[in-house]
Every structure is written in structure tokens, then in C-alpha cells.
file query.pdb (PDB, N, CA and C atoms)
ATOM      1  N   MET A   1      -9.210  -8.299 -17.172
ATOM      2  CA  MET A   1      -9.474  -8.964 -15.915
ATOM      3  C   MET A   1      -9.096  -8.101 -14.704
ATOM      4  N   LEU A   2      -7.958  -7.393 -14.779
ATOM      5  CA  LEU A   2      -7.497  -6.609 -13.633
ATOM      6  C   LEU A   2      -8.494  -5.563 -13.192
ATOM      7  N   TRP A   3      -9.244  -5.006 -14.130
ATOM      8  CA  TRP A   3     -10.179  -3.948 -13.784
ATOM      9  C   TRP A   3     -11.316  -4.454 -12.914
ATOM     10  N   LYS A   4     -11.508  -5.766 -12.844
ATOM     11  CA  LYS A   4     -12.567  -6.332 -12.011
ATOM     12  C   LYS A   4     -12.088  -6.603 -10.591
ATOM     13  N   ILE A   5     -10.798  -6.568 -10.375
ATOM     14  CA  ILE A   5     -10.263  -6.815  -9.035
ATOM     15  C   ILE A   5     -10.290  -5.508  -8.258
ATOM     16  N   LYS A   6     -10.819  -5.593  -7.049
ATOM     17  CA  LYS A   6     -10.907  -4.426  -6.180
ATOM     18  C   LYS A   6      -9.964  -4.587  -5.002
ATOM     19  N   VAL A   7      -9.405  -3.479  -4.569
ATOM     20  CA  VAL A   7      -8.563  -3.446  -3.382
ATOM     21  C   VAL A   7      -9.423  -2.925  -2.241
ATOM     22  N   VAL A   8      -9.452  -3.670  -1.140
ATOM     23  CA  VAL A   8     -10.213  -3.262   0.037
ATOM     24  C   VAL A   8      -9.237  -2.595   1.001
ATOM     25  N   LYS A   9      -9.439  -1.297   1.204
ATOM     26  CA  LYS A   9      -8.553  -0.527   2.068
ATOM     27  C   LYS A   9      -8.932  -0.763   3.537
ATOM     28  N   ALA A  10      -8.079  -0.363   4.443
ATOM     29  CA  ALA A  10      -8.330  -0.549   5.881
ATOM     30  C   ALA A  10      -9.621   0.135   6.320
ATOM     31  N   SER A  11      -9.960   1.223   5.659
ATOM     32  CA  SER A  11     -11.178   1.970   5.991
ATOM     33  C   SER A  11     -12.441   1.252   5.521
ATOM     34  N   GLY A  12     -12.264   0.226   4.684
ATOM     35  CA  GLY A  12     -13.411  -0.472   4.124
ATOM     36  C   GLY A  12     -13.750  -0.016   2.714
ATOM     37  N   LYS A  13     -13.197   1.117   2.317
ATOM     38  CA  LYS A  13     -13.410   1.601   0.956
ATOM     39  C   LYS A  13     -12.757   0.643  -0.031
ATOM     40  N   THR A  14     -13.288   0.619  -1.245
ATOM     41  CA  THR A  14     -12.667  -0.199  -2.278
ATOM     42  C   THR A  14     -12.245   0.692  -3.438
ATOM     43  N   GLU A  15     -11.225   0.235  -4.130
ATOM     44  CA  GLU A  15     -10.773   0.935  -5.324
ATOM     45  C   GLU A  15     -10.250  -0.098  -6.313
ATOM     46  N   GLU A  16     -10.095   0.324  -7.534
ATOM     47  CA  GLU A  16      -9.616  -0.552  -8.586
ATOM     48  C   GLU A  16      -8.177  -0.986  -8.318
ATOM     49  N   PHE A  17      -7.878  -2.249  -8.593
ATOM     50  CA  PHE A  17      -6.517  -2.758  -8.470
ATOM     51  C   PHE A  17      -5.705  -2.243  -9.645
ATOM     52  N   LEU A  18      -4.651  -1.477  -9.334
ATOM     53  CA  LEU A  18      -3.784  -0.915 -10.368
ATOM     54  C   LEU A  18      -2.335  -1.283 -10.063
ATOM     55  N   PRO A  19      -1.745  -2.171 -10.860
ATOM     56  CA  PRO A  19      -0.351  -2.545 -10.629
ATOM     57  C   PRO A  19       0.599  -1.345 -10.633
ATOM     58  N   GLU A  20       0.243  -0.286 -11.342
ATOM     59  CA  GLU A  20       1.094   0.914 -11.388
ATOM     60  C   GLU A  20       1.281   1.518 -10.001
ATOM     61  N   LYS A  21       0.251   1.407  -9.158
ATOM     62  CA  LYS A  21       0.369   1.941  -7.803
ATOM     63  C   LYS A  21       1.392   1.142  -6.994
ATOM     64  N   ILE A  22       1.466  -0.142  -7.261
ATOM     65  CA  ILE A  22       2.468  -0.980  -6.596
ATOM     66  C   ILE A  22       3.866  -0.547  -7.038
ATOM     67  N   VAL A  23       4.031  -0.333  -8.333
ATOM     68  CA  VAL A  23       5.326   0.102  -8.865
ATOM     69  C   VAL A  23       5.757   1.401  -8.193
ATOM     70  N   LEU A  24       4.860   2.375  -8.120
ATOM     71  CA  LEU A  24       5.196   3.672  -7.510
ATOM     72  C   LEU A  24       5.548   3.527  -6.033
ATOM     73  N   SER A  25       4.778   2.722  -5.314
ATOM     74  CA  SER A  25       5.048   2.531  -3.890
ATOM     75  C   SER A  25       6.413   1.910  -3.661
ATOM     76  N   ILE A  26       6.751   0.923  -4.476
ATOM     77  CA  ILE A  26       8.050   0.265  -4.332
ATOM     78  C   ILE A  26       9.174   1.217  -4.735
ATOM     79  N   TYR A  27       8.955   1.968  -5.791
ATOM     80  CA  TYR A  27       9.967   2.921  -6.269
ATOM     81  C   TYR A  27      10.301   3.953  -5.189
ATOM     82  N   ARG A  28       9.306   4.362  -4.427
ATOM     83  CA  ARG A  28       9.519   5.350  -3.358
ATOM     84  C   ARG A  28      10.430   4.835  -2.248
ATOM     85  N   THR A  29      10.629   3.529  -2.185
ATOM     86  CA  THR A  29      11.515   2.973  -1.155
ATOM     87  C   THR A  29      12.983   3.131  -1.519
ATOM     88  N   GLY A  30      13.234   3.506  -2.778
ATOM     89  CA  GLY A  30      14.607   3.606  -3.256
ATOM     90  C   GLY A  30      14.942   2.516  -4.256
ATOM     91  N   ALA A  31      13.985   1.617  -4.477
ATOM     92  CA  ALA A  31      14.203   0.527  -5.434
ATOM     93  C   ALA A  31      14.318   1.095  -6.843
ATOM     94  N   THR A  32      15.004   0.364  -7.684
ATOM     95  CA  THR A  32      15.117   0.774  -9.083
ATOM     96  C   THR A  32      13.779   0.544  -9.783
ATOM     97  N   PRO A  33      13.526   1.277 -10.871
ATOM     98  CA  PRO A  33      12.281   1.048 -11.609
ATOM     99  C   PRO A  33      12.136  -0.404 -12.068
ATOM    100  N   GLU A  34      13.243  -1.027 -12.437
ATOM    101  CA  GLU A  34      13.203  -2.416 -12.904
ATOM    102  C   GLU A  34      12.748  -3.359 -11.790
ATOM    103  N   VAL A  35      13.305  -3.179 -10.612
ATOM    104  CA  VAL A  35      12.920  -4.030  -9.475
ATOM    105  C   VAL A  35      11.477  -3.744  -9.081
ATOM    106  N   ALA A  36      11.087  -2.478  -9.087
ATOM    107  CA  ALA A  36       9.714  -2.126  -8.742
ATOM    108  C   ALA A  36       8.726  -2.804  -9.695
ATOM    109  N   ARG A  37       9.036  -2.765 -10.990
ATOM    110  CA  ARG A  37       8.157  -3.417 -11.971
ATOM    111  C   ARG A  37       8.157  -4.932 -11.794
ATOM    112  N   LYS A  38       9.327  -5.489 -11.535
ATOM    113  CA  LYS A  38       9.451  -6.947 -11.345
ATOM    114  C   LYS A  38       8.570  -7.414 -10.186
ATOM    115  N   ILE A  39       8.666  -6.731  -9.048
ATOM    116  CA  ILE A  39       7.871  -7.109  -7.879
ATOM    117  C   ILE A  39       6.382  -6.899  -8.165
ATOM    118  N   ALA A  40       6.035  -5.819  -8.842
ATOM    119  CA  ALA A  40       4.627  -5.562  -9.175
ATOM    120  C   ALA A  40       4.069  -6.681 -10.047
ATOM    121  N   VAL A  41       4.864  -7.169 -10.986
ATOM    122  CA  VAL A  41       4.428  -8.276 -11.854
ATOM    123  C   VAL A  41       4.201  -9.539 -11.023
ATOM    124  N   ILE A  42       5.121  -9.825 -10.104
ATOM    125  CA  ILE A  42       4.987 -11.006  -9.251
ATOM    126  C   ILE A  42       3.735 -10.907  -8.385
ATOM    127  N   VAL A  43       3.552  -9.752  -7.738
ATOM    128  CA  VAL A  43       2.402  -9.550  -6.853
ATOM    129  C   VAL A  43       1.103  -9.624  -7.657
ATOM    130  N   THR A  44       1.083  -9.003  -8.821
ATOM    131  CA  THR A  44      -0.109  -9.052  -9.671
ATOM    132  C   THR A  44      -0.425 -10.504 -10.047
ATOM    133  N   GLY A  45       0.603 -11.261 -10.363
ATOM    134  CA  GLY A  45       0.420 -12.679 -10.674
ATOM    135  C   GLY A  45      -0.189 -13.443  -9.516
ATOM    136  N   LYS A  46       0.294 -13.179  -8.313
ATOM    137  CA  LYS A  46      -0.243 -13.842  -7.119
ATOM    138  C   LYS A  46      -1.717 -13.487  -6.907
ATOM    139  N   VAL A  47      -2.051 -12.217  -7.121
ATOM    140  CA  VAL A  47      -3.439 -11.778  -6.970
ATOM    141  C   VAL A  47      -4.325 -12.484  -7.998
ATOM    142  N   LEU A  48      -3.863 -12.533  -9.233
ATOM    143  CA  LEU A  48      -4.634 -13.203 -10.284
ATOM    144  C   LEU A  48      -4.767 -14.705 -10.016
ATOM    145  N   GLU A  49      -3.683 -15.331  -9.545
ATOM    146  CA  GLU A  49      -3.706 -16.761  -9.219
ATOM    147  C   GLU A  49      -4.745 -17.089  -8.162
ATOM    148  N   SER A  50      -4.969 -16.157  -7.247
ATOM    149  CA  SER A  50      -5.916 -16.405  -6.154
ATOM    150  C   SER A  50      -7.342 -16.572  -6.681
ATOM    151  N   GLY A  51      -7.617 -15.980  -7.842
ATOM    152  CA  GLY A  51      -8.954 -16.090  -8.426
ATOM    153  C   GLY A  51     -10.001 -15.232  -7.736
ATOM    154  N   LYS A  52      -9.583 -14.476  -6.747
ATOM    155  CA  LYS A  52     -10.521 -13.621  -6.008
ATOM    156  C   LYS A  52     -10.739 -12.318  -6.757
ATOM    157  N   ASN A  53     -11.895 -11.697  -6.508
ATOM    158  CA  ASN A  53     -12.159 -10.405  -7.139
ATOM    159  C   ASN A  53     -11.881  -9.240  -6.182
ATOM    160  N   LYS A  54     -11.405  -9.573  -4.961
ATOM    161  CA  LYS A  54     -11.043  -8.551  -3.978
ATOM    162  C   LYS A  54      -9.759  -8.971  -3.280
ATOM    163  N   VAL A  55      -8.949  -7.972  -2.937
ATOM    164  CA  VAL A  55      -7.728  -8.221  -2.164
ATOM    165  C   VAL A  55      -7.576  -7.071  -1.172
ATOM    166  N   GLU A  56      -7.210  -7.408   0.063
ATOM    167  CA  GLU A  56      -7.023  -6.379   1.088
ATOM    168  C   GLU A  56      -5.639  -5.749   0.956
ATOM    169  N   THR A  57      -5.564  -4.474   1.333
ATOM    170  CA  THR A  57      -4.276  -3.781   1.277
ATOM    171  C   THR A  57      -3.241  -4.486   2.150
ATOM    172  N   LYS A  58      -3.688  -5.064   3.273
ATOM    173  CA  LYS A  58      -2.760  -5.799   4.152
ATOM    174  C   LYS A  58      -2.104  -6.958   3.410
ATOM    175  N   GLU A  59      -2.894  -7.664   2.610
ATOM    176  CA  GLU A  59      -2.356  -8.793   1.854
ATOM    177  C   GLU A  59      -1.384  -8.313   0.779
ATOM    178  N   LEU A  60      -1.727  -7.223   0.104
ATOM    179  CA  LEU A  60      -0.812  -6.660  -0.900
ATOM    180  C   LEU A  60       0.505  -6.251  -0.249
ATOM    181  N   ALA A  61       0.416  -5.573   0.887
ATOM    182  CA  ALA A  61       1.626  -5.128   1.589
ATOM    183  C   ALA A  61       2.470  -6.324   2.012
ATOM    184  N   ARG A  62       1.834  -7.385   2.502
ATOM    185  CA  ARG A  62       2.568  -8.582   2.920
ATOM    186  C   ARG A  62       3.344  -9.185   1.744
ATOM    187  N   LEU A  63       2.677  -9.281   0.601
ATOM    188  CA  LEU A  63       3.334  -9.815  -0.594
ATOM    189  C   LEU A  63       4.479  -8.916  -1.056
ATOM    190  N   ILE A  64       4.212  -7.631  -1.112
ATOM    191  CA  ILE A  64       5.229  -6.679  -1.557
ATOM    192  C   ILE A  64       6.451  -6.743  -0.646
ATOM    193  N   LEU A  65       6.212  -6.732   0.658
ATOM    194  CA  LEU A  65       7.322  -6.761   1.608
ATOM    195  C   LEU A  65       8.130  -8.052   1.502
ATOM    196  N   LYS A  66       7.455  -9.151   1.259
ATOM    197  CA  LYS A  66       8.144 -10.438   1.106
ATOM    198  C   LYS A  66       9.175 -10.370  -0.022
ATOM    199  N   TYR A  67       8.754  -9.847  -1.161
ATOM    200  CA  TYR A  67       9.664  -9.793  -2.311
ATOM    201  C   TYR A  67      10.645  -8.630  -2.223
ATOM    202  N   LEU A  68      10.227  -7.542  -1.592
ATOM    203  CA  LEU A  68      11.122  -6.397  -1.425
ATOM    204  C   LEU A  68      12.298  -6.771  -0.524
ATOM    205  N   LYS A  69      12.008  -7.524   0.540
ATOM    206  CA  LYS A  69      13.066  -7.937   1.471
ATOM    207  C   LYS A  69      14.082  -8.840   0.777
ATOM    208  N   LYS A  70      13.601  -9.699  -0.135
ATOM    209  CA  LYS A  70      14.515 -10.576  -0.879
ATOM    210  C   LYS A  70      15.444  -9.769  -1.787
ATOM    211  N   GLU A  71      14.952  -8.650  -2.286
ATOM    212  CA  GLU A  71      15.740  -7.815  -3.201
ATOM    213  C   GLU A  71      16.753  -6.947  -2.461
ATOM    214  N   ASN A  72      16.274  -6.297  -1.367
ATOM    215  CA  ASN A  72      17.150  -5.338  -0.701
ATOM    216  C   ASN A  72      16.590  -5.006   0.684
ATOM    217  N   GLU A  73      17.352  -5.312   1.706
ATOM    218  CA  GLU A  73      16.920  -5.104   3.094
ATOM    219  C   GLU A  73      16.608  -3.630   3.383
ATOM    220  N   GLN A  74      17.394  -2.706   2.825
ATOM    221  CA  GLN A  74      17.163  -1.286   3.092
ATOM    222  C   GLN A  74      15.854  -0.805   2.477
ATOM    223  N   TRP A  75      15.532  -1.255   1.283
ATOM    224  CA  TRP A  75      14.257  -0.874   0.656
ATOM    225  C   TRP A  75      13.090  -1.383   1.490
ATOM    226  N   TYR A  76      13.247  -2.597   2.007
ATOM    227  CA  TYR A  76      12.240  -3.191   2.895
ATOM    228  C   TYR A  76      12.035  -2.309   4.125
ATOM    229  N   LYS A  77      13.128  -1.899   4.754
ATOM    230  CA  LYS A  77      13.050  -1.025   5.932
ATOM    231  C   LYS A  77      12.439   0.328   5.570
ATOM    232  N   ASN A  78      12.811   0.863   4.409
ATOM    233  CA  ASN A  78      12.256   2.148   3.970
ATOM    234  C   ASN A  78      10.746   2.079   3.836
ATOM    235  N   TRP A  79      10.244   0.953   3.319
ATOM    236  CA  TRP A  79       8.792   0.776   3.174
ATOM    237  C   TRP A  79       8.125   0.862   4.552
ATOM    238  N   ILE A  80       8.681   0.145   5.501
ATOM    239  CA  ILE A  80       8.106   0.118   6.853
ATOM    240  C   ILE A  80       8.149   1.505   7.487
ATOM    241  N   ILE A  81       9.266   2.187   7.357
ATOM    242  CA  ILE A  81       9.404   3.538   7.918
ATOM    243  C   ILE A  81       8.386   4.484   7.271
ATOM    244  N   PHE A  82       8.274   4.448   5.957
ATOM    245  CA  PHE A  82       7.345   5.315   5.252
ATOM    246  C   PHE A  82       5.907   5.044   5.686
ATOM    247  N   THR A  83       5.554   3.769   5.823
ATOM    248  CA  THR A  83       4.199   3.392   6.229
ATOM    249  C   THR A  83       3.886   3.918   7.627
ATOM    250  N   ARG A  84       4.846   3.770   8.535
ATOM    251  CA  ARG A  84       4.641   4.259   9.908
ATOM    252  C   ARG A  84       4.463   5.771   9.933
ATOM    253  N   LYS A  85       5.291   6.480   9.160
ATOM    254  CA  LYS A  85       5.186   7.943   9.118
ATOM    255  C   LYS A  85       3.831   8.365   8.558
ATOM    256  N   ALA A  86       3.365   7.677   7.532
ATOM    257  CA  ALA A  86       2.075   8.018   6.923
ATOM    258  C   ALA A  86       0.938   7.801   7.917
ATOM    259  N   LYS A  87       0.992   6.707   8.665
ATOM    260  CA  LYS A  87      -0.049   6.432   9.663
ATOM    261  C   LYS A  87      -0.021   7.470  10.774
ATOM    262  N   THR A  88       1.187   7.837  11.229
ATOM    263  CA  THR A  88       1.322   8.839  12.278
ATOM    264  C   THR A  88       0.765  10.175  11.810
ATOM    265  N   LYS A  89       1.097  10.566  10.588
ATOM    266  CA  LYS A  89       0.620  11.832  10.022
ATOM    267  C   LYS A  89      -0.909  11.836   9.942
ATOM    268  N   ARG A  90      -1.477  10.731   9.485
ATOM    269  CA  ARG A  90      -2.937  10.625   9.369
ATOM    270  C   ARG A  90      -3.597  10.765  10.734
ATOM    271  N   LYS A  91      -3.013  10.117  11.762
ATOM    272  CA  LYS A  91      -3.568  10.209  13.114
ATOM    273  C   LYS A  91      -3.476  11.632  13.642
ATOM    274  N   GLU A  92      -2.371  12.326  13.363
ATOM    275  CA  GLU A  92      -2.210  13.712  13.795
ATOM    276  C   GLU A  92      -3.280  14.597  13.168
ATOM    277  N   ILE A  93      -3.530  14.390  11.891
ATOM    278  CA  ILE A  93      -4.543  15.177  11.184
ATOM    279  C   ILE A  93      -5.928  14.901  11.765
ATOM    280  N   GLU A  94      -6.217  13.630  12.037
ATOM    281  CA  GLU A  94      -7.508  13.273  12.618
ATOM    282  C   GLU A  94      -7.700  13.916  13.987
ATOM    283  N   ARG A  95      -6.645  13.887  14.833
ATOM    284  CA  ARG A  95      -6.737  14.515  16.160
ATOM    285  C   ARG A  95      -6.964  16.020  16.041
ATOM    286  N   LYS A  96      -6.266  16.641  15.125
ATOM    287  CA  LYS A  96      -6.410  18.086  14.930
ATOM    288  C   LYS A  96      -7.827  18.421  14.474
ATOM    289  N   LEU A  97      -8.352  17.655  13.544
ATOM    290  CA  LEU A  97      -9.709  17.897  13.059
ATOM    291  C   LEU A  97     -10.745  17.675  14.156
ATOM    292  N   GLN A  98     -10.547  16.645  14.977
ATOM    293  CA  GLN A  98     -11.470  16.398  16.081
ATOM    294  C   GLN A  98     -11.442  17.550  17.083
ATOM    295  N   LYS A  99     -10.257  18.051  17.369
ATOM    296  CA  LYS A  99     -10.113  19.171  18.297
ATOM    297  C   LYS A  99     -10.808  20.418  17.732
ATOM    298  N   GLU A 100     -10.582  20.698  16.446
ATOM    299  CA  GLU A 100     -11.216  21.851  15.810
ATOM    300  C   GLU A 100     -12.728  21.711  15.783
ATOM    301  N   LEU A 101     -13.208  20.503  15.564
ATOM    302  CA  LEU A 101     -14.643  20.266  15.550
ATOM    303  C   LEU A 101     -15.244  20.493  16.926
ATOM    304  N   LYS A 102     -14.561  20.020  17.974
ATOM    305  CA  LYS A 102     -15.040  20.256  19.346
ATOM    306  C   LYS A 102     -15.123  21.734  19.640
ATOM    307  N   GLU A 103     -14.081  22.473  19.260
ATOM    308  CA  GLU A 103     -14.052  23.922  19.482
ATOM    309  C   GLU A 103     -15.191  24.605  18.720
ATOM    310  N   TYR A 104     -15.417  24.175  17.523
ATOM    311  CA  TYR A 104     -16.467  24.761  16.687
ATOM    312  C   TYR A 104     -17.846  24.495  17.255
ATOM    313  N   LEU A 105     -18.052  23.323  17.821
ATOM    314  CA  LEU A 105     -19.380  22.941  18.346
ATOM    315  C   LEU A 105     -19.665  23.517  19.727
ATOM    316  N   LYS A 106     -18.689  24.133  20.359
ATOM    317  CA  LYS A 106     -18.906  24.732  21.697
ATOM    318  C   LYS A 106     -19.874  25.859  21.632
TER     319      LYS A 106
END
call {"tool": "encode", "arguments": {"input": "query.pdb", "output": "C-alpha cells"}}
result
Amino acid sequence: MLWKIKVVKASGKTEEFLPEKIVLSIYRTGATPEVARKIAVIVTGKVLESGKNKVETKELARLILKYLKKENEQWYKNWIIFTRKAKTKRKEIERKLQKELKEYLK
């Protein structure tokens, strides 16, 4: 069943729902592997309960953060910090590429 669920990213792209990606993301916050797996199981259950064949990354993040905060406030903060840094880095890369493209097209 899980292979039929798609994750809709902010860009509009879709990809297969993989609980392992949730485990890795949570683990990167400093959470233990056991807690990361526990939260991934809960979130996967919520996704399956919804009966939908698509879930947005925003909804996954909301669920993950809800349970991560209950487990450990610092891991919750780490998730937010990491997400902000990733978005900032992506924007920097996009600006650099746009600048290079403008220079190239001159």
C-alpha cells in the first residue's frame, strides 16, 4: 500500500512515500534511532489512516514536528534550524545561478 502513496513536494513534484526518509530526517536532529523509528511509525500510520494517495511535505513536517516536540524540545528546534538553513542555501544557489545565467546571456 505504501508504494501507492505519493509525497507532493513544495515544487509540485511528487515522489514515493518512504518512511525511511522520515527516520533519517528525524535522526539528523539528534534523536535516537529508536525515537526516529517510533515517530516514523506514528506518522506513517496517520498517513495511512487518512486514506489519501497523496500527502504534502508540509503536512508530513507538521506531523513530525508535533511528535518530535513531545519527545524532545531540542530535537524539535534542531529540525526547524536545519530546515531554515536548507531553504537559505537553496535560495543562495538559485540567486547565483540566475546571476550566472544573466551574465551568460549578455
call {"tool": "resolve_selection", "arguments": {"input": "query.pdb", "expression": "the PyMOL selection byres (((chain A and resi 12-19 and name CA) around 9) and name CA)", "output": "count of residues only"}}
result
22
call {"tool": "select_by_dssp", "arguments": {"input": "query.pdb", "residues": "chain A", "states": "strand (DSSP E or B)", "output": "list of chain:residue names"}}
result
A:Lys6, A:Val7, A:Val8, A:Thr14, A:Glu15, A:Glu16, A:Lys54, A:Val55, A:Glu56
call {"tool": "closest_residue", "arguments": {"input": "query.pdb", "among": "A:Lys38, A:Arg90, A:Lys52, A:Arg95", "to": "Tyr67 in chain A", "atoms": "only C-alpha atoms"}}
result
A:Lys38
call {"tool": "closest_residue", "arguments": {"input": "query.pdb", "among": "A:Lys46, A:Ile39, A:Pro33, A:Lys99", "to": "Lys69 in chain A", "atoms": "only C-alpha atoms"}}
result
A:Ile39
call {"tool": "residues_around", "arguments": {"input": "query.pdb", "residues": "range 74-78 of chain A", "least_positions_apart": "2", "cutoff": "8 Å", "atoms": "only C-alpha atoms", "output": "PyMOL selection string"}}
result
chain A and resi 29-31+65+68-69+72+80-82
call {"tool": "write_last_selection", "arguments": {"input": "query.pdb", "atoms": "N, CA and C atoms", "output": "CSV table (one decimal), in the coordinates of the input"}}
result
chain,number,residue,atom,x,y,z
A,29,THR,N,10.6,3.5,-2.2
A,29,THR,CA,11.5,3.0,-1.2
A,29,THR,C,13.0,3.1,-1.5
A,30,GLY,N,13.2,3.5,-2.8
A,30,GLY,CA,14.6,3.6,-3.3
A,30,GLY,C,14.9,2.5,-4.3
A,31,ALA,N,14.0,1.6,-4.5
A,31,ALA,CA,14.2,0.5,-5.4
A,31,ALA,C,14.3,1.1,-6.8
A,65,LEU,N,6.2,-6.7,0.7
A,65,LEU,CA,7.3,-6.8,1.6
A,65,LEU,C,8.1,-8.1,1.5
A,68,LEU,N,10.2,-7.5,-1.6
A,68,LEU,CA,11.1,-6.4,-1.4
A,68,LEU,C,12.3,-6.8,-0.5
A,69,LYS,N,12.0,-7.5,0.5
A,69,LYS,CA,13.1,-7.9,1.5
A,69,LYS,C,14.1,-8.8,0.8
A,72,ASN,N,16.3,-6.3,-1.4
A,72,ASN,CA,17.2,-5.3,-0.7
A,72,ASN,C,16.6,-5.0,0.7
A,80,ILE,N,8.7,0.1,5.5
A,80,ILE,CA,8.1,0.1,6.9
A,80,ILE,C,8.1,1.5,7.5
A,81,ILE,N,9.3,2.2,7.4
A,81,ILE,CA,9.4,3.5,7.9
A,81,ILE,C,8.4,4.5,7.3
A,82,PHE,N,8.3,4.4,6.0
A,82,PHE,CA,7.3,5.3,5.3
A,82,PHE,C,5.9,5.0,5.7
call {"tool": "atom_distance", "arguments": {"input": "query.pdb", "atom1": "CA of Lys89 in chain A", "atom2": "CA of Glu103 in chain A"}}
result
21.2 Å
call {"tool": "atom_distance", "arguments": {"input": "query.pdb", "atom1": "CA of Lys85 in chain A", "atom2": "CA of Gly45 in chain A"}}
result
29.0 Å
call {"tool": "atom_distance", "arguments": {"input": "query.pdb", "atom1": "CA of Lys91 in chain A", "atom2": "CA of Tyr27 in chain A"}}
result
24.7 Å
